file my_file-v8.txt (compact mmCIF, C-alpha atoms)
# COMPACT_ATOMS: atom_id res chain seq x y z
CA MET H 1 38.02 122.03 89.49
CA ASN H 2 37.21 118.33 89.27
CA ILE H 3 38.27 117.16 92.71
CA LYS H 4 38.07 113.43 91.95
CA GLU H 5 40.15 113.81 88.84
CA TYR H 6 42.69 115.87 90.76
CA ILE H 7 42.90 113.21 93.46
CA SER H 8 43.20 110.42 90.90
CA THR H 9 46.36 111.94 89.47
CA GLY H 10 48.12 110.75 92.65
CA VAL H 11 49.42 114.24 93.37
CA LEU H 12 48.39 113.97 97.04
CA GLU H 13 50.35 110.73 97.49
CA ALA H 14 53.36 112.42 95.97
CA TYR H 15 52.80 115.38 98.29
CA ALA H 16 52.61 113.12 101.35
CA CYS H 17 55.87 111.44 100.37
CA GLY H 18 57.60 114.78 99.84
CA GLN H 19 58.14 114.06 96.16
CA LEU H 20 56.96 117.36 94.70
CA SER H 21 58.79 120.46 93.60
CA GLN H 22 58.30 123.67 95.59
CA ASP H 23 55.92 125.05 92.92
CA GLU H 24 53.81 121.90 93.02
CA ILE H 25 53.82 121.95 96.82
CA ASN H 26 52.57 125.54 96.82
CA GLU H 27 49.80 124.60 94.42
CA VAL H 28 48.73 121.55 96.44
CA GLU H 29 48.71 123.55 99.66
CA LYS H 30 46.61 126.24 98.03
CA ASN H 31 44.10 123.60 96.89
CA LEU H 32 44.13 121.88 100.29
CA ALA H 33 43.10 125.14 101.88
CA LEU H 34 40.33 125.60 99.32
CA TYR H 35 38.80 122.10 99.24
CA SER H 36 38.10 120.18 102.42
CA GLU H 37 37.66 116.96 100.38
CA LEU H 38 41.31 117.18 99.46
CA SER H 39 42.35 117.52 103.10
CA LYS H 40 40.24 114.49 103.94
CA GLU H 41 41.81 112.46 101.16
CA LEU H 42 45.31 113.53 102.25
CA SER H 43 44.47 112.39 105.77
CA ILE H 44 43.47 108.98 104.46
CA ILE H 45 46.65 108.77 102.39
CA GLU H 46 48.80 109.67 105.38
CA GLU H 47 47.03 107.09 107.50
CA THR H 48 47.53 104.49 104.79
CA ASN H 49 51.23 105.27 104.64
CA ALA H 50 51.46 105.14 108.42
CA ALA H 51 49.52 101.89 108.56
CA LEU H 52 51.69 100.38 105.83
CA ALA H 53 54.83 101.41 107.68
CA GLN H 54 53.52 100.00 110.95
CA HIS H 55 52.31 96.86 109.25
CA PHE H 56 55.73 96.21 107.85
CA ALA H 57 57.60 97.41 110.91
CA ILE H 58 60.90 95.69 111.71
CA THR H 59 62.04 95.90 115.29
CA PRO H 60 65.55 97.33 115.43
CA ARG H 61 68.07 95.80 117.79
CA ALA H 62 68.04 97.21 121.32
CA ARG H 63 71.49 98.72 120.97
CA VAL H 64 70.15 101.37 118.57
CA LYS H 65 67.99 102.86 121.31
CA GLU H 66 70.83 102.62 123.82
CA LYS H 67 73.18 104.44 121.46
CA LEU H 68 70.57 107.06 120.65
CA PHE H 69 69.96 107.95 124.30
CA THR H 70 73.67 107.79 125.13
CA GLN H 71 74.33 110.22 122.32
CA ILE H 72 71.56 112.57 123.40
CA ASN H 73 72.75 112.52 127.01
CA ASN H 74 76.36 113.10 126.00
CA ALA H 75 75.39 115.93 123.74
CA PRO H 76 76.34 118.87 126.06
CA ALA H 77 78.97 120.60 124.04
CA SER H 78 81.37 121.36 126.92
CA LYS H 79 81.76 117.68 127.72
CA ILE H 80 82.56 116.72 124.17
CA ILE H 81 84.97 119.62 123.78
CA SER H 82 86.79 118.86 127.03
CA LEU H 83 87.05 115.21 126.05
CA ALA H 84 88.26 116.14 122.62
CA SER H 85 90.78 118.67 123.87
CA HIS H 86 92.04 116.21 126.46
CA SER H 87 92.62 113.53 123.92
CA THR H 88 94.03 116.08 121.47
CA LYS H 89 96.50 117.16 124.16
CA TYR H 90 97.44 113.58 124.83
CA TRP H 91 97.97 112.93 121.15
CA ARG H 92 99.91 116.13 120.79
CA TYR H 93 102.30 115.06 123.56
CA ALA H 94 102.45 111.53 122.22
CA THR H 95 103.22 112.85 118.75
CA ALA H 96 105.84 115.26 120.06
CA ALA H 97 107.45 112.49 122.10
CA SER H 98 107.42 110.12 119.15
CA ILE H 99 108.96 112.72 116.85
CA ALA H 100 111.62 113.59 119.42
CA PHE H 101 112.41 109.93 119.94
CA ALA H 102 112.51 109.31 116.20
CA MET H 103 114.86 112.26 115.68
CA LEU H 104 117.15 111.17 118.51
CA SER H 105 117.21 107.62 117.24
CA SER H 106 117.94 108.81 113.72
CA TYR H 107 120.75 111.02 114.96
CA LEU H 108 122.29 108.23 117.02
CA ALA H 109 121.86 105.75 114.22
CA PHE H 110 123.55 108.13 111.78
CA ASN H 111 126.29 108.91 114.27
CA TYR H 112 127.07 105.25 114.89
CA TRP H 113 126.83 104.52 111.22
CA SER H 114 129.37 107.25 110.43
CA ARG H 115 131.72 105.98 113.12
CA TRP H 116 131.37 102.44 111.95
CA LYS H 117 132.01 103.57 108.36
CA GLN H 118 135.10 105.48 109.51
CA SER H 119 136.38 102.50 111.48
CA GLU H 120 135.89 100.30 108.47
CA THR H 121 137.90 102.67 106.26
CA THR H 122 140.66 102.83 108.85
CA LEU H 123 140.69 99.07 109.16
CA VAL H 124 140.96 98.62 105.39
CA SER H 125 143.85 101.06 105.18
CA LEU H 126 145.57 99.38 108.14
CA ILE H 127 145.20 95.98 106.52
CA SER H 128 146.69 97.26 103.26
CA LYS H 129 149.54 98.97 105.11
CA ASN H 130 150.17 95.77 106.97
CA GLN H 131 150.33 93.84 103.69
CA GLN H 132 152.70 96.46 102.27
CA ILE H 133 154.96 96.15 105.28
CA ALA H 134 154.94 92.38 105.03
CA GLN H 135 155.87 92.63 101.35
CA ASP H 136 158.61 95.12 102.06
CA TYR H 137 159.88 92.88 104.78
CA ASN H 138 160.00 89.92 102.39
CA THR H 139 161.79 91.98 99.79
CA VAL H 140 164.30 93.19 102.30
CA ASN H 141 164.73 89.67 103.59
CA GLN H 142 165.40 88.35 100.10
CA ARG H 143 167.86 91.12 99.43
CA LEU H 144 169.49 90.42 102.73
CA ASP H 145 169.78 86.74 101.80
CA LEU H 146 171.37 87.71 98.53
CA MET H 147 173.75 90.09 100.25
CA GLU H 148 174.66 87.43 102.77
CA LEU H 149 175.41 85.08 99.91
CA ASP H 150 177.43 87.77 98.16
CA PHE H 151 179.26 88.47 101.36
CA LYS H 152 180.01 84.79 101.86
CA ILE H 153 181.43 84.63 98.36
CA ALA H 154 183.45 87.80 98.78
CA SER H 155 184.83 86.70 102.13
CA ASN H 156 185.45 83.09 101.10
CA PRO H 157 189.23 82.61 100.64
CA ASP H 158 188.57 79.97 97.95
CA PHE H 159 187.25 82.70 95.66
CA ALA H 160 189.73 84.68 93.61
CA ARG H 161 188.59 88.12 92.55
CA VAL H 162 189.43 89.20 89.00
CA VAL H 163 188.85 92.85 88.25
CA MET H 164 187.96 93.44 84.57
CA LYS H 165 188.81 96.95 83.48
CA GLY H 166 187.43 98.89 80.55
CA THR H 167 189.05 98.34 77.13
CA PRO H 168 189.47 101.19 74.62
CA ASN H 169 185.93 100.28 73.43
CA ALA H 170 184.54 101.34 76.84
CA PRO H 171 187.18 102.97 79.02
CA GLN H 172 184.71 103.70 81.87
CA ALA H 173 183.45 100.13 82.07
CA LEU H 174 184.27 98.01 85.07
CA ALA H 175 183.25 94.53 86.27
CA SER H 176 184.60 91.74 88.50
CA VAL H 177 184.56 87.98 88.52
CA TYR H 178 184.84 85.71 91.53
CA TRP H 179 186.15 82.31 90.65
CA ASN H 180 186.27 79.43 93.09
CA SER H 181 189.32 77.40 92.51
CA ALA H 182 187.85 74.47 94.43
CA SER H 183 184.27 74.33 93.15
CA LYS H 184 185.01 76.08 89.85
CA GLU H 185 182.03 78.36 90.36
CA VAL H 186 182.02 81.73 88.67
CA TYR H 187 180.20 84.81 89.99
CA LEU H 188 179.94 88.10 88.18
CA ASN H 189 179.64 91.55 89.68
CA ILE H 190 178.98 94.58 87.48
CA GLN H 191 180.35 97.90 88.60
CA ASN H 192 179.71 99.83 85.42
CA LEU H 193 178.57 98.58 82.04
CA LYS H 194 176.69 100.63 79.45
CA GLN H 195 173.10 100.00 78.54
CA LEU H 196 172.50 97.69 75.59
CA SER H 197 169.70 97.54 73.03
CA LYS H 198 167.18 94.76 73.39
CA GLU H 199 168.75 92.77 70.59
CA ASN H 200 172.10 92.51 72.42
CA GLN H 201 173.42 90.90 75.59
CA TYR H 202 176.78 90.75 77.31
CA GLN H 203 178.66 87.47 77.26
CA LEU H 204 181.39 86.43 79.72
CA TRP H 205 184.35 84.46 78.53
CA ALA H 206 187.10 82.67 80.36
CA ILE H 207 190.37 82.19 78.51
CA ILE H 208 191.53 78.71 79.32
CA ASP H 209 194.64 77.28 77.73
CA GLY H 210 194.58 80.26 75.37
CA LYS H 211 191.02 79.54 74.15
CA PRO H 212 187.86 81.50 75.01
CA VAL H 213 185.29 79.41 76.88
CA ASP H 214 181.66 80.58 77.22
CA CYS H 215 180.75 81.43 80.82
CA GLY H 216 177.18 82.59 80.10
CA ILE H 217 175.23 85.63 79.03
CA PHE H 218 173.80 88.45 81.10
CA ASP H 219 171.92 91.73 80.84
CA TRP H 220 173.46 95.03 81.69
CA GLN H 221 171.35 95.89 84.75
CA LEU H 222 172.27 93.61 87.65
CA ALA H 223 172.61 94.08 91.37
CA GLY H 224 174.85 91.90 93.50
CA LEU H 225 176.58 88.79 92.29
CA LEU H 226 175.35 86.76 89.35
CA LYS H 227 176.19 83.11 89.17
CA MET H 228 177.71 82.22 85.79
CA LYS H 229 178.70 78.93 84.18
CA ASN H 230 181.49 77.11 85.95
CA ALA H 231 184.98 77.58 84.55
CA TYR H 232 187.06 74.43 84.83
CA LYS H 233 190.82 74.17 84.77
CA ILE H 234 192.49 77.45 85.49
CA PRO H 235 191.41 80.45 83.50
CA THR H 236 194.05 83.03 82.83
CA THR H 237 191.80 85.82 81.74
CA PHE H 238 188.10 86.82 81.97
CA ALA H 239 186.54 89.11 79.39
CA VAL H 240 183.08 90.44 78.42
CA THR H 241 181.92 90.98 74.85
CA ILE H 242 178.69 92.31 73.35
CA GLU H 243 176.86 89.65 71.39
CA ALA H 244 173.49 89.20 69.81
CA ARG H 245 170.81 88.15 72.30
CA GLY H 246 171.31 84.53 73.29
CA GLY H 247 175.09 84.66 72.93
CA LYS H 248 177.56 83.00 70.54
CA PRO H 249 179.89 80.02 70.71
CA SER H 250 182.93 82.22 70.09
CA PRO H 251 183.49 85.84 71.04
CA THR H 252 183.29 88.81 68.72
CA LEU H 253 186.59 90.33 69.77
CA GLU H 254 185.87 93.74 68.27
CA THR H 255 183.15 94.31 70.89
CA ILE H 256 185.18 93.45 73.97
CA GLN H 257 184.19 95.75 76.84
CA VAL H 258 186.21 94.70 79.87
CA ALA H 259 188.96 92.22 80.51
CA GLY H 260 191.12 91.23 83.46
CA ASN H 261 193.85 88.70 84.15
CA MET H 262 193.84 86.27 86.97
CA LEU H 263 196.64 86.99 89.37
CA THR H 264 198.99 84.10 89.51
CA ILE H 265 198.33 82.16 92.56
CA MET K 1 62.68 109.38 133.09
CA LEU K 2 58.95 109.84 133.35
CA THR K 3 56.85 107.32 131.56
CA ILE K 4 54.07 108.46 129.32
CA ALA K 5 50.62 106.91 129.29
CA SER K 6 50.16 104.51 126.42
CA THR K 7 48.38 107.11 124.32
CA ILE K 8 48.83 110.83 124.32
CA THR K 9 47.74 113.36 121.81
CA GLU K 10 50.06 114.23 119.00
CA GLN K 11 49.98 117.88 120.08
CA GLU K 12 51.11 117.01 123.59
CA LEU K 13 53.88 114.81 122.27
CA ILE K 14 55.17 117.60 120.06
CA THR K 15 55.07 120.11 122.89
CA ARG K 16 57.04 117.76 125.15
CA LEU K 17 59.57 117.09 122.42
CA MET K 18 60.09 120.79 121.97
CA LYS K 19 60.80 121.04 125.71
CA LYS K 20 63.45 118.33 125.23
CA ASP K 21 61.54 115.91 127.43
CA GLN K 22 63.36 112.59 126.97
CA SER K 23 60.32 110.58 128.01
CA ALA K 24 58.58 111.97 124.92
CA LEU K 25 61.44 110.72 122.74
CA ASP K 26 61.25 107.37 124.51
CA TYR K 27 57.56 107.18 123.71
CA LEU K 28 58.17 108.21 120.12
CA TYR K 29 60.89 105.61 119.76
CA ASN K 30 58.84 102.79 121.24
CA ARG K 31 55.92 103.61 119.02
CA TYR K 32 57.59 104.38 115.70
CA SER K 33 61.12 102.93 115.60
CA GLY K 34 59.93 99.64 114.11
CA ALA K 35 57.97 101.34 111.33
CA LEU K 36 60.85 103.72 110.52
CA TYR K 37 63.42 100.94 110.71
CA GLY K 38 61.36 98.95 108.21
CA VAL K 39 61.34 101.90 105.82
CA VAL K 40 65.09 102.40 106.20
CA LEU K 41 66.13 98.74 106.12
CA ARG K 42 64.07 98.03 102.98
CA ILE K 43 66.00 100.77 101.20
CA LEU K 44 69.45 100.05 102.65
CA LYS K 45 69.16 96.25 102.89
CA LYS K 46 71.92 96.00 105.47
CA GLU K 47 71.44 96.16 109.22
CA GLU K 48 74.56 98.16 110.10
CA PRO K 49 73.93 101.21 107.91
CA ALA K 50 70.17 100.97 108.56
CA GLU K 51 70.78 101.15 112.32
CA GLU K 52 73.06 104.15 111.85
CA VAL K 53 70.41 105.89 109.77
CA LEU K 54 67.65 105.07 112.25
CA GLN K 55 69.70 106.63 115.04
CA ASP K 56 70.33 109.71 112.89
CA VAL K 57 66.62 109.95 112.07
CA PHE K 58 65.65 110.09 115.75
CA LEU K 59 68.45 112.56 116.47
CA LYS K 60 67.16 114.75 113.67
CA ILE K 61 63.59 114.51 114.99
CA TRP K 62 64.91 115.43 118.46
CA ASP K 63 67.02 118.35 117.22
CA LYS K 64 64.70 119.70 114.52
CA ILE K 65 61.27 119.22 116.03
CA GLU K 66 60.80 123.01 115.70
CA ASN K 67 60.88 122.56 111.92
CA TYR K 68 57.81 120.35 111.99
CA ASP K 69 54.70 122.20 110.76
CA PRO K 70 51.45 120.46 111.83
CA ASN K 71 49.56 122.37 109.11
CA LYS K 72 51.42 120.46 106.44
CA GLY K 73 50.79 116.95 107.65
CA LYS K 74 50.91 114.50 110.51
CA LEU K 75 54.01 114.06 112.67
CA PHE K 76 54.45 110.48 111.52
CA THR K 77 54.32 111.53 107.85
CA TRP K 78 57.11 114.02 108.59
CA MET K 79 59.09 111.32 110.37
CA ILE K 80 58.64 108.76 107.59
CA ASN K 81 59.83 111.30 105.05
CA ILE K 82 62.92 112.09 107.14
CA ALA K 83 63.66 108.36 107.41
CA ARG K 84 63.15 107.80 103.70
CA ASN K 85 65.32 110.77 102.72
CA GLN K 86 68.11 109.86 105.13
CA ALA K 87 68.10 106.28 103.84
CA ILE K 88 68.17 107.45 100.23
CA ASP K 89 71.03 109.85 101.05
CA LYS K 90 72.90 106.92 102.57
CA THR K 91 72.45 104.70 99.52
CA ARG K 92 73.90 107.50 97.45
CA SER K 93 76.88 107.98 99.73
CA LYS K 94 80.02 106.06 98.81
CA GLU K 95 79.55 103.76 101.76
CA ASN K 96 76.62 102.04 100.17
CA SER K 97 77.55 102.37 96.55
CA LYS K 98 78.00 98.61 96.29
CA ILE K 99 74.28 97.98 96.63
CA LYS K 100 72.61 98.05 93.25
CA LYS K 101 69.35 99.84 93.15
CA THR K 102 68.08 97.47 90.51
CA ASP K 103 68.07 94.44 92.81
CA ASP K 104 64.80 92.67 92.26
CA ILE K 105 62.49 91.98 95.13
CA ASP K 106 63.25 88.26 95.30
CA PHE K 107 66.89 89.04 95.70
CA LEU K 108 66.07 91.59 98.35
CA VAL K 109 63.84 89.18 100.23
CA HIS K 110 66.49 86.52 99.95
CA LYS K 111 69.05 88.94 101.34
CA ILE K 112 66.87 89.97 104.21
CA ASP K 113 65.95 86.33 104.85
CA SER K 114 69.55 85.41 105.08
CA GLN K 115 70.05 87.84 107.92
CA GLN K 116 69.75 86.39 111.34
CA ASN K 117 66.86 88.41 112.69
CA SER K 118 63.86 86.12 112.50
CA GLN K 119 61.51 89.03 113.10
CA LEU K 120 62.96 90.54 109.93
CA GLU K 121 62.27 87.40 107.99
CA VAL K 122 58.62 87.22 108.93
CA ASP K 123 58.05 90.86 108.10
CA SER K 124 59.80 90.62 104.77
CA ILE K 125 57.87 87.57 103.72
CA GLY K 126 54.67 89.29 104.79
CA LEU K 127 55.52 92.30 102.67
CA LYS K 128 56.43 90.19 99.67
CA GLU K 129 53.16 88.25 99.88
CA VAL K 130 51.13 91.42 100.07
CA LEU K 131 52.97 93.24 97.31
CA MET K 132 52.77 90.21 95.02
CA LYS K 133 48.99 90.60 95.06
CA LEU K 134 49.28 93.95 93.33
CA PRO K 135 48.99 94.17 89.54
CA VAL K 136 52.45 93.95 87.99
CA ASP K 137 52.61 97.59 86.88
CA GLN K 138 51.66 98.81 90.37
CA PHE K 139 54.00 96.35 92.06
CA PHE K 140 56.83 97.68 89.90
CA ILE K 141 56.21 101.28 90.98
CA VAL K 142 55.88 100.42 94.69
CA ASN K 143 59.01 98.31 94.51
CA GLN K 144 61.04 101.11 92.96
CA LEU K 145 59.72 103.77 95.34
CA TYR K 146 59.60 101.92 98.63
CA LEU K 147 62.23 99.25 98.28
CA GLN K 148 64.80 100.63 95.90
CA GLY K 149 64.85 104.20 97.17
CA TYR K 150 63.97 105.89 93.89
CA THR K 151 62.07 109.16 93.75
CA GLN K 152 59.00 109.38 91.55
CA SER K 153 60.75 111.51 88.94
CA GLU K 154 63.74 109.12 88.90
CA VAL K 155 61.44 106.15 88.21
CA ALA K 156 59.78 108.14 85.43
CA GLU K 157 63.11 109.06 83.88
CA GLU K 158 64.92 105.77 84.35
CA PHE K 159 62.14 103.50 83.12
CA ASN K 160 60.66 105.87 80.58
CA ILE K 161 57.27 106.04 82.26
CA PRO K 162 55.42 109.40 82.22
CA LEU K 163 55.57 110.99 85.67
CA GLY K 164 51.76 111.24 85.71
CA THR K 165 51.51 107.49 85.14
CA VAL K 166 53.93 106.83 88.02
CA LYS K 167 51.73 108.96 90.28
CA THR K 168 48.43 107.37 89.29
CA ARG K 169 49.81 103.84 89.52
CA LEU K 170 51.10 104.54 93.00
CA ARG K 171 47.70 105.91 93.98
CA LEU K 172 45.98 102.78 92.64
CA ALA K 173 48.48 100.59 94.47
CA MET K 174 47.85 102.43 97.73
CA ILE K 175 44.12 102.00 97.36
CA GLU K 176 44.69 98.31 96.66
CA LEU K 177 46.95 98.00 99.70
CA ARG K 178 44.37 99.69 101.88
CA THR K 179 41.95 96.95 100.96
CA LEU K 180 44.50 94.16 101.17
CA LEU K 181 45.66 95.23 104.61
CA ASN K 182 42.21 96.09 105.84
CA ILE K 183 43.05 99.71 106.62
CA LYS K 184 39.90 101.64 107.51
call {"tool": "encode", "arguments": {"input": "my_file-v8.txt", "output": "structure tokens"}}
result
Amino acid sequence: MNIKEYISTGVLEAYACGQLSQDEINEVEKNLALYSELSKELSIIEETNAALAQHFAITPRARVKEKLFTQINNAPASKIISLASHSTKYWRYATAASIAFAMLSSYLAFNYWSRWKQSETTLVSLISKNQQIAQDYNTVNQRLDLMELDFKIASNPDFARVVMKGTPNAPQALASVYWNSASKEVYLNIQNLKQLSKENQYQLWAIIDGKPVDCGIFDWQLAGLLKMKNAYKIPTTFAVTIEARGGKPSPTLETIQVAGNMLTI
Amino acid sequence: MLTIASTITEQELITRLMKKDQSALDYLYNRYSGALYGVVLRILKKEEPAEEVLQDVFLKIWDKIENYDPNKGKLFTWMINIARNQAIDKTRSKENSKIKKTDDIDFLVHKIDSQQNSQLEVDSIGLKEVLMKLPVDQFFIVNQLYLQGYTQSEVAEEFNIPLGTVKTRLRLAMIELRTLLNIK
């Protein structure tokens, strides 16, 4: 084997740097054992590498050495384990406490939220009930006002009541008129009148001096007293006919429903 | 901790290390930490990871001294190889993935210069001046192997240079450096 040629391939440098495969390492080591010149050359190479490394040394910061020795001195396994288990225990308790606290908080939060939600619902329903009651109260109040007015009319001696009974056209029909002899006001009160189609309305007439005078139109469904047109002079008779919606200037006598004579005063 | 005389034989040092004598590690650190840190820092280019690696290297030497076989080379050669391998492993870990291996030497020197350690600066400039005296082809190989953390076969593959050529150029560069640095 040509030793110089072998050396010049740089295989020993590669060997010194640990850059060879296991097969190549085995071969180099075999040759090193066989040829002392190779061992010598390897020595020189190693020294060169070492010298290069020392030549270009960079002093590390002091803390590296401190850390290194701290780590070596803290190495005993028991110490590390006890430290670890201690801190693990602490964290376990801390975690457990946190979870418990979180669960409790969540429960309380949910509980209060539900209650609040419930209160809100109750409040809304109370407010709406309150509004309903207020409305009812107003309605009742209005009706009461109307009834008071009706009562005043009925109990006022100035008003004469004329009962209009059913004609052969509508034997069951019944209505009344209150006529104020002083103010000439006319109020109508329906006891029983049949339902009309939408095209038709009832019309009240007062017979004055033998002639029918229009006292206004009205629909069949009415509660309480309805103020009609004033009837001047002294009517002798009141009557109701069925007319086309809007009424007519003179009555259609064939449709007369009720009629009643004023009692002579 | 016992102090060790300024020079002791390598055999004695190894024996003491095997007995877990911390004064032996102290001696080893004082004598070689700078050289190993240089190797590591040139590959990693950042002080923080380089310091971590250096600490790991000494821990490994401390823990695995039984693995050292004197028949296969000097203790320092073994240590340099551990340092080199650990540094290369680090560059390949995610942590250091940001550093490009293809940084050129000027960029590297600039980076090292910009660090605050003035000692570092002087050493880096010294290295650059020395390496610049090498023929370009040799400089390239040394740069890739010693400063970029490539293995010989990686340089061969990546730059399309026959592995044999990488080896011979490195050998020529080492011979040149021996002369340049007045070794032996």
call {"tool": "residues_around", "arguments": {"input": "my_file-v8.txt", "residues": "Glu254 of chain H", "least_positions_apart": "6", "cutoff": "10 Å", "atoms": "all atoms listed in the file", "output": "PDB file with C-alpha atoms, in the coordinates of the input"}}
result
ATOM      1  CA  ASN H 169     185.930 100.280  73.430  1.00  0.00           C
ATOM      2  CA  THR H 241     181.920  90.980  74.850  1.00  0.00           C
ATOM      3  CA  ILE H 242     178.690  92.310  73.350  1.00  0.00           C
TER       4      ILE H 242
END
call {"tool": "interface_residues", "arguments": {"input": "my_file-v8.txt", "of": "chain K", "to": "chain H", "cutoff": "7 Å", "atoms": "only C-alpha atoms", "output": "list in words"}}
result
Gly34, Ala35, Tyr37, Gly38, Val39, Glu51, Gln55, Phe76, Thr77, Asn81, Gln119, Leu120, Asp123, Leu127, Thr151, Gln152, Gly164, Lys167, Thr168, Leu170, Arg171, Arg178 and Ile183 of chain K
call {"tool": "atom_distance", "arguments": {"input": "my_file-v8.txt", "atom1": "atom CA of Glu120 of chain H", "atom2": "atom CA of Met103 of chain H"}}
result
25.2 Å
call {"tool": "residues_around", "arguments": {"input": "my_file-v8.txt", "residues": "Gly210 of chain H", "least_positions_apart": "2", "cutoff": "12 Å", "atoms": "all atoms listed in the file", "output": "PyMOL selection string"}}
result
chain H and resi 205-208+212-213+233-238
call {"tool": "closest_residue", "arguments": {"input": "my_file-v8.txt", "among": "K:Lys46, K:Arg169, K:Arg16, K:Lys74", "to": "Val155 of chain K", "atoms": "all atoms listed in the file"}}
result
K:Arg169
call {"tool": "atom_distance", "arguments": {"input": "my_file-v8.txt", "atom1": "atom CA of Gln11 of chain K", "atom2": "atom CA of Ser36 of chain H"}}
result
21.4 Å
call {"tool": "atom_distance", "arguments": {"input": "my_file-v8.txt", "atom1": "atom CA of Ala173 of chain K", "atom2": "atom CA of Phe139 of chain K"}}
result
7.4 Å
call {"tool": "closest_residue", "arguments": {"input": "my_file-v8.txt", "among": "K:Glu10, K:Asp26, K:Glu158, K:Glu52", "to": "Gln144 of chain K", "atoms": "all atoms listed in the file"}}
result
K:Glu158
call {"tool": "residues_around", "arguments": {"input": "my_file-v8.txt", "residues": "segment 139-148 of chain H", "least_positions_apart": "4", "cutoff": "10 Å", "atoms": "only C-alpha atoms", "output": "JSON, numbers by chain"}}
result
{"H": [133, 134, 135, 152, 153, 154, 223, 224, 225]}
call {"tool": "residues_near_point", "arguments": {"input": "my_file-v8.txt", "point": "(181.8, 96.8, 72.2)", "cutoff": "12 Å", "atoms": "all atoms listed in the file", "output": "ChimeraX atom specification"}}
result
/H:166-171,173,193-196,200-203,239-244,251-259
call {"tool": "write_last_selection", "arguments": {"input": "my_file-v8.txt", "atoms": "C-alpha atoms", "output": "PDB file, in the coordinates of the input"}}
result
ATOM      1  CA  GLY H 166     187.430  98.890  80.550  1.00  0.00           C
ATOM      2  CA  THR H 167     189.050  98.340  77.130  1.00  0.00           C
ATOM      3  CA  PRO H 168     189.470 101.190  74.620  1.00  0.00           C
ATOM      4  CA  ASN H 169     185.930 100.280  73.430  1.00  0.00           C
ATOM      5  CA  ALA H 170     184.540 101.340  76.840  1.00  0.00           C
ATOM      6  CA  PRO H 171     187.180 102.970  79.020  1.00  0.00           C
ATOM      7  CA  ALA H 173     183.450 100.130  82.070  1.00  0.00           C
ATOM      8  CA  LEU H 193     178.570  98.580  82.040  1.00  0.00           C
ATOM      9  CA  LYS H 194     176.690 100.630  79.450  1.00  0.00           C
ATOM     10  CA  GLN H 195     173.100 100.000  78.540  1.00  0.00           C
ATOM     11  CA  LEU H 196     172.500  97.690  75.590  1.00  0.00           C
ATOM     12  CA  ASN H 200     172.100  92.510  72.420  1.00  0.00           C
ATOM     13  CA  GLN H 201     173.420  90.900  75.590  1.00  0.00           C
ATOM     14  CA  TYR H 202     176.780  90.750  77.310  1.00  0.00           C
ATOM     15  CA  GLN H 203     178.660  87.470  77.260  1.00  0.00           C
ATOM     16  CA  ALA H 239     186.540  89.110  79.390  1.00  0.00           C
ATOM     17  CA  VAL H 240     183.080  90.440  78.420  1.00  0.00           C
ATOM     18  CA  THR H 241     181.920  90.980  74.850  1.00  0.00           C
ATOM     19  CA  ILE H 242     178.690  92.310  73.350  1.00  0.00           C
ATOM     20  CA  GLU H 243     176.860  89.650  71.390  1.00  0.00           C
ATOM     21  CA  ALA H 244     173.490  89.200  69.810  1.00  0.00           C
ATOM     22  CA  PRO H 251     183.490  85.840  71.040  1.00  0.00           C
ATOM     23  CA  THR H 252     183.290  88.810  68.720  1.00  0.00           C
ATOM     24  CA  LEU H 253     186.590  90.330  69.770  1.00  0.00           C
ATOM     25  CA  GLU H 254     185.870  93.740  68.270  1.00  0.00           C
ATOM     26  CA  THR H 255     183.150  94.310  70.890  1.00  0.00           C
ATOM     27  CA  ILE H 256     185.180  93.450  73.970  1.00  0.00           C
ATOM     28  CA  GLN H 257     184.190  95.750  76.840  1.00  0.00           C
ATOM     29  CA  VAL H 258     186.210  94.700  79.870  1.00  0.00           C
ATOM     30  CA  ALA H 259     188.960  92.220  80.510  1.00  0.00           C
TER      31      ALA H 259
END
call {"tool": "axis_aligned_box", "arguments": {"input": "my_file-v8.txt", "around": "segment 24-28 of chain K", "padding_each_side": "5 Å", "output": "lines of an AutoDock Vina configuration file"}}
result
center_x = 59.5
center_y = 109.6
center_z = 122.5
size_x = 13.9
size_y = 14.8
size_z = 14.8
call {"tool": "closest_residue", "arguments": {"input": "my_file-v8.txt", "among": "K:Asp69, K:Glu47, K:Glu154, K:Asp56", "to": "Ala83 of chain K", "atoms": "all atoms listed in the file"}}
result
K:Asp56
call {"tool": "residues_around", "arguments": {"input": "my_file-v8.txt", "residues": "Lys229 of chain H", "least_positions_apart": "6", "cutoff": "8 Å", "atoms": "only C-alpha atoms", "output": "MDAnalysis selection string"}}
result
chainID H and resid 185:186 214:216
call {"tool": "residues_around", "arguments": {"input": "my_file-v8.txt", "residues": "Asp63 of chain K", "least_positions_apart": "2", "cutoff": "12 Å", "atoms": "all atoms listed in the file", "output": "list in words"}}
result
Ile72 and Ala75 of chain H; Leu17, Met18, Lys19, Lys20, Asp21, Gln22, Leu25, Asp56, Val57, Phe58, Leu59, Lys60, Ile61, Ile65, Glu66, Asn67 and Tyr68 of chain K
